[in-house]
Every structure is written in C-alpha cells, then in structure tokens.
Amino acid sequence: MVKKVVQAGHPSLKKKNKKVTNFKSAKIKRLQKDLRGTMRKAGLIGIAAPQIAENYMVFITHPRNTKSRKLFKTDKLRVYINPKIISKSKKKNLIYEGCGSVVNGELFGPVLRAQEIQVEAFNERGKKFRLKCDGILARVIQHEYDHLQGILFIDRMTRKAKLEVQDQIDVLQAKTKSDLKKKQSF
C-alpha cells in the first residue's frame with residue numbers, strides 16, 4: 001500500500017525505533033510492502049520506516065533510474081531489518097542529497113559520507129547478511145540508516161549550506177506541525 005511520506009517536523013522522524021523480533025509477523029510483512037509501494041510511487045531510491053510514520057528498524061534500498069535521477073550504477077531492491085553499519089572507509093565523498101521527507105525530495109544539499117561501508121542486517125526472510133559496498137548504494141544505506149537514528153540529511157549539511165536553505169526548512173517544519181495540530185483537533 002502506498003503511504004504518505006511524512007515531512008521534516010513530524011515526530012516519527014525523531015522517535016526511537018523498535019527492533020524487529022518477529023520477522024514473519026503480518027505487521028512487518030505489511031510494513032515491507034508499504035515501504036516498497038511508497039518508495040516506487042514517490043520516485044525514491046530508498047526509504048526508512050519512520051518516513052511512513054512506522055517506528056521500526058527497517059529500511060529498503062533500490063538504486064535505480066527514476067524520473068528525477070539517472071544513475072551510472074544501479075542495484076536490486078534490498079530489505080534491511082535491524083541494520084548496523086559495522087565499518088566505514090576513511091575516504092569520504094561530498095555529494096548533494098535529497099530526501100522524500102524534506103520538501104518532498106525537492107531540496108538538495110551537500111553531505112559528506114564514507115565512500116565505502118559494510119552493513120550487517122537481516123533480510124525480509126529473517127536471514128542475517130553482511131554487505132560491503134561503495135558508490136550510490138553505500139550513500140543510500142547511510143542516508144536511510146540515519147533515518148533510523150533520527151537524523152535527516154539536513155542535519156549533516158555544512159553549516160553554510162544549511163543557512164542557505166534554512167528558510168525553506170523552517171517553512172516545511174512549521175507546516176508539518178500545523179498539519180499535525182489540525183489532525184489532532186478533529
């Protein structure tokens with residue numbers, strides 16, 4: 001099912017996320033389907049559970065060509081449950097990122113991230129795996145993992161770059177909070 005991608009200022013983006021203990025539960029299976037559908041509909045290449053207001057340690061990645069993004073290197077769809085980044089290279093890249101939870105993916109900013117990482121997680125069947133990767137997949141994994149830690153890419157932007165877009169961020173967060181108050185008053 002396609003869910004609404006929550007925006008900066010929504011409390012689920014900063015909440016502590018629960019570890020998954022029952023990989024075969026109907027809730028976790030439905031969450032994975034919701035993430036896939038929402039990611040595809042929104043034209044994203046990764047999405048984390050908090051972005052659809054579900055606070056579980058789950059994200060998916062699928063670096064592929066989309067309407068707004070042409071990639072040199074693509075990858076298959078992958079599910080990461082209870083992930084941990086276990087190593088990062090010292091070599092880093094500064095690349096512009098966007099996010100479905102920040103102005104619906106319309107705001108971009110420079111973020112410094114490790115060029116290569118190794119992640120350990122469980123897949124959709126509950127089988128533990130390790131993956132060493134670089135390039136766009138490493139970047140997307142780090143970005144989605146940050147969501148599970150309550151961090152948005154705008155939190156990682158340089159101070160100067162963040163100042164340049166602070167007005168847009170403030171408007172977005174105020175609108176999100178206002179929309180939440182309206183929902184609560186119904």
# chains A, B, ... in the order shown; residues from 1 in each chain; ligands from 1
call {"tool": "residues_around", "arguments": {"residues": "Thr158 (chain A)", "least_positions_apart": "3", "cutoff": "8 Å", "atoms": "only C-alpha atoms", "output": "number ranges by chain"}}
result
A: 110-111, 161-162
call {"tool": "select_by_dssp", "arguments": {"residues": "region 117-148 of chain A", "states": "strand (DSSP E)", "output": "ChimeraX atom specification"}}
result
/A:117-122,128-134
call {"tool": "select_by_dssp", "arguments": {"residues": "region 2-170 of chain A", "states": "alpha helix (DSSP H)", "output": "MDAnalysis selection string"}}
result
chainID A and resid 26:42 135:148 153:156 159:170
call {"tool": "closest_atom_pairs", "arguments": {"of": "region 116-152 of chain A", "to": "region 24-27 of chain A", "cutoff": "12 Å", "atoms": "only C-alpha atoms", "output": "Markdown table"}}
result
| residue | atom | partner | partner_atom | distance |
| --- | --- | --- | --- | --- |
| A:Phe122 | CA | A:Lys24 | CA | 11.9 |
| A:Asn123 | CA | A:Lys24 | CA | 11.1 |
| A:Glu124 | CA | A:Lys24 | CA | 8.4 |
| A:Arg125 | CA | A:Lys24 | CA | 7.4 |
| A:Gly126 | CA | A:Lys24 | CA | 7.7 |
| A:Lys127 | CA | A:Lys24 | CA | 11.3 |
call {"tool": "write_last_selection", "arguments": {"atoms": "all heavy atoms", "output": "PDB file, in the first residue's frame"}}
result
ATOM      1  N   PHE A 122      19.327  -8.058   8.745  1.00  0.00           N
ATOM      2  CA  PHE A 122      18.529  -9.232   8.404  1.00  0.00           C
ATOM      3  C   PHE A 122      17.729  -8.880   7.157  1.00  0.00           C
ATOM      4  O   PHE A 122      17.266  -7.749   7.009  1.00  0.00           O
ATOM      5  CB  PHE A 122      17.576  -9.592   9.553  1.00  0.00           C
ATOM      6  CG  PHE A 122      18.293 -10.069  10.786  1.00  0.00           C
ATOM      7  CD1 PHE A 122      18.700  -9.170  11.758  1.00  0.00           C
ATOM      8  CD2 PHE A 122      18.563 -11.422  10.961  1.00  0.00           C
ATOM      9  CE1 PHE A 122      19.361  -9.599  12.891  1.00  0.00           C
ATOM     10  CE2 PHE A 122      19.240 -11.862  12.097  1.00  0.00           C
ATOM     11  CZ  PHE A 122      19.645 -10.944  13.063  1.00  0.00           C
ATOM     12  N   ASN A 123      17.542  -9.867   6.282  1.00  0.00           N
ATOM     13  CA  ASN A 123      16.745  -9.618   5.082  1.00  0.00           C
ATOM     14  C   ASN A 123      15.273  -9.883   5.378  1.00  0.00           C
ATOM     15  O   ASN A 123      14.896 -10.153   6.523  1.00  0.00           O
ATOM     16  CB  ASN A 123      17.264 -10.442   3.893  1.00  0.00           C
ATOM     17  CG  ASN A 123      17.069 -11.941   4.067  1.00  0.00           C
ATOM     18  OD1 ASN A 123      16.304 -12.415   4.915  1.00  0.00           O
ATOM     19  ND2 ASN A 123      17.773 -12.710   3.256  1.00  0.00           N
ATOM     20  N   GLU A 124      14.441  -9.827   4.338  1.00  0.00           N
ATOM     21  CA  GLU A 124      12.987  -9.972   4.521  1.00  0.00           C
ATOM     22  C   GLU A 124      12.583 -11.354   5.043  1.00  0.00           C
ATOM     23  O   GLU A 124      11.492 -11.520   5.580  1.00  0.00           O
ATOM     24  CB  GLU A 124      12.240  -9.643   3.225  1.00  0.00           C
ATOM     25  CG  GLU A 124      12.535 -10.555   2.057  1.00  0.00           C
ATOM     26  CD  GLU A 124      13.781 -10.181   1.266  1.00  0.00           C
ATOM     27  OE1 GLU A 124      14.581  -9.331   1.709  1.00  0.00           O
ATOM     28  OE2 GLU A 124      13.962 -10.767   0.186  1.00  0.00           O
ATOM     29  N   ARG A 125      13.454 -12.339   4.913  1.00  0.00           N
ATOM     30  CA  ARG A 125      13.162 -13.685   5.429  1.00  0.00           C
ATOM     31  C   ARG A 125      13.738 -13.910   6.821  1.00  0.00           C
ATOM     32  O   ARG A 125      13.654 -15.009   7.355  1.00  0.00           O
ATOM     33  CB  ARG A 125      13.685 -14.737   4.447  1.00  0.00           C
ATOM     34  CG  ARG A 125      12.940 -14.737   3.112  1.00  0.00           C
ATOM     35  CD  ARG A 125      13.470 -15.744   2.105  1.00  0.00           C
ATOM     36  NE  ARG A 125      14.897 -15.629   1.807  1.00  0.00           N
ATOM     37  CZ  ARG A 125      15.449 -14.709   1.022  1.00  0.00           C
ATOM     38  NH1 ARG A 125      14.695 -13.795   0.460  1.00  0.00           N
ATOM     39  NH2 ARG A 125      16.739 -14.689   0.792  1.00  0.00           N
ATOM     40  N   GLY A 126      14.386 -12.881   7.379  1.00  0.00           N
ATOM     41  CA  GLY A 126      14.978 -13.009   8.707  1.00  0.00           C
ATOM     42  C   GLY A 126      16.363 -13.623   8.704  1.00  0.00           C
ATOM     43  O   GLY A 126      16.881 -13.997   9.752  1.00  0.00           O
ATOM     44  N   LYS A 127      16.975 -13.705   7.537  1.00  0.00           N
ATOM     45  CA  LYS A 127      18.324 -14.261   7.419  1.00  0.00           C
ATOM     46  C   LYS A 127      19.345 -13.132   7.542  1.00  0.00           C
ATOM     47  O   LYS A 127      19.265 -12.124   6.837  1.00  0.00           O
ATOM     48  CB  LYS A 127      18.485 -14.978   6.081  1.00  0.00           C
ATOM     49  CG  LYS A 127      19.821 -15.661   5.937  1.00  0.00           C
ATOM     50  CD  LYS A 127      19.922 -16.407   4.622  1.00  0.00           C
ATOM     51  CE  LYS A 127      21.303 -17.059   4.572  1.00  0.00           C
ATOM     52  NZ  LYS A 127      21.680 -17.477   3.256  1.00  0.00           N
TER      53      LYS A 127
END
call {"tool": "closest_residue", "arguments": {"among": "A:Val165, A:Ala53, A:Ile28, A:Ala48", "to": "Lys4 (chain A)", "atoms": "only C-alpha atoms"}}
result
A:Ala53
call {"tool": "atom_distance", "arguments": {"atom1": "CA of Val171 (chain A)", "atom2": "CA of Cys99 (chain A)"}}
result
16.1 Å
call {"tool": "residues_around", "arguments": {"residues": "region 84-96 of chain A", "least_positions_apart": "4", "cutoff": "6 Å", "atoms": "only C-alpha atoms", "output": "list in words"}}
result
Phe108, Gly109, Pro110, Val111, Leu112, Arg113, Ala114, Gln115, Glu116, Ile117, Gln118, Val119 and Glu120 of chain A
call {"tool": "closest_residue", "arguments": {"among": "A:His10, A:Gly135, A:Leu35, A:Asp167", "to": "Phe72 (chain A)", "atoms": "only C-alpha atoms"}}
result
A:Gly135
call {"tool": "decode", "arguments": {"residues": "region 102-131 of chain A", "atoms": "N, CA and C atoms", "output": "compact mmCIF listing (two decimals), in the first residue's frame"}}
result
# COMPACT_ATOMS: atom_id res chain seq x y z
N VAL A 102 12.02 15.74 3.10
CA VAL A 102 12.45 17.14 3.16
C VAL A 102 11.98 17.82 1.88
N VAL A 103 10.92 18.58 2.01
CA VAL A 103 10.28 19.27 0.89
C VAL A 103 9.96 18.27 -0.23
N ASN A 104 9.46 17.11 0.19
CA ASN A 104 9.07 16.05 -0.76
C ASN A 104 10.16 15.75 -1.79
N GLY A 105 11.41 15.79 -1.36
CA GLY A 105 12.51 15.48 -2.25
C GLY A 105 12.92 16.61 -3.17
N GLU A 106 12.43 17.81 -2.93
CA GLU A 106 12.72 18.95 -3.80
C GLU A 106 13.90 19.81 -3.31
N LEU A 107 14.41 19.54 -2.13
CA LEU A 107 15.52 20.30 -1.58
C LEU A 107 16.75 19.42 -1.56
N PHE A 108 17.87 19.95 -2.02
CA PHE A 108 19.11 19.18 -2.07
C PHE A 108 20.21 19.96 -1.35
N GLY A 109 21.14 19.21 -0.77
CA GLY A 109 22.25 19.85 -0.09
C GLY A 109 23.45 18.92 -0.01
N PRO A 110 24.65 19.50 0.15
CA PRO A 110 25.87 18.70 0.20
C PRO A 110 26.03 17.96 1.53
N VAL A 111 26.34 16.66 1.43
CA VAL A 111 26.53 15.82 2.61
C VAL A 111 27.80 15.01 2.42
N LEU A 112 28.66 15.03 3.43
CA LEU A 112 29.91 14.27 3.43
C LEU A 112 29.63 12.90 4.03
N ARG A 113 29.92 11.84 3.28
CA ARG A 113 29.69 10.47 3.76
C ARG A 113 30.86 9.58 3.35
N ALA A 114 31.01 8.47 4.08
CA ALA A 114 32.03 7.48 3.75
C ALA A 114 31.79 6.94 2.34
N GLN A 115 32.86 6.76 1.60
CA GLN A 115 32.75 6.25 0.24
C GLN A 115 32.38 4.77 0.23
N GLU A 116 32.88 4.03 1.23
CA GLU A 116 32.63 2.59 1.28
C GLU A 116 32.21 2.22 2.69
N ILE A 117 31.27 1.29 2.79
CA ILE A 117 30.79 0.84 4.11
C ILE A 117 30.60 -0.67 4.10
N GLN A 118 30.41 -1.19 5.29
CA GLN A 118 29.96 -2.57 5.44
C GLN A 118 28.78 -2.54 6.40
N VAL A 119 27.67 -3.15 6.00
CA VAL A 119 26.46 -3.17 6.81
C VAL A 119 26.11 -4.62 7.14
N GLU A 120 25.54 -4.79 8.33
CA GLU A 120 25.04 -6.10 8.75
C GLU A 120 23.57 -5.92 9.08
N ALA A 121 22.73 -6.82 8.60
CA ALA A 121 21.29 -6.69 8.81
C ALA A 121 20.63 -8.05 8.59
N PHE A 122 19.33 -8.06 8.75
CA PHE A 122 18.53 -9.23 8.40
C PHE A 122 17.73 -8.88 7.16
N ASN A 123 17.54 -9.87 6.28
CA ASN A 123 16.75 -9.62 5.08
C ASN A 123 15.27 -9.88 5.38
N GLU A 124 14.44 -9.83 4.34
CA GLU A 124 12.99 -9.97 4.52
C GLU A 124 12.58 -11.35 5.04
N ARG A 125 13.45 -12.34 4.91
CA ARG A 125 13.16 -13.68 5.43
C ARG A 125 13.74 -13.91 6.82
N GLY A 126 14.39 -12.88 7.38
CA GLY A 126 14.98 -13.01 8.71
C GLY A 126 16.36 -13.62 8.70
N LYS A 127 16.98 -13.70 7.54
CA LYS A 127 18.32 -14.26 7.42
C LYS A 127 19.35 -13.13 7.54
N LYS A 128 20.33 -13.33 8.43
CA LYS A 128 21.36 -12.32 8.65
C LYS A 128 22.31 -12.29 7.44
N PHE A 129 22.72 -11.07 7.06
CA PHE A 129 23.67 -10.92 5.97
C PHE A 129 24.61 -9.75 6.25
N ARG A 130 25.73 -9.76 5.55
CA ARG A 130 26.69 -8.65 5.55
C ARG A 130 26.88 -8.22 4.12
N LEU A 131 27.01 -6.92 3.93
CA LEU A 131 27.18 -6.38 2.60
C LEU A 131 28.23 -5.28 2.65
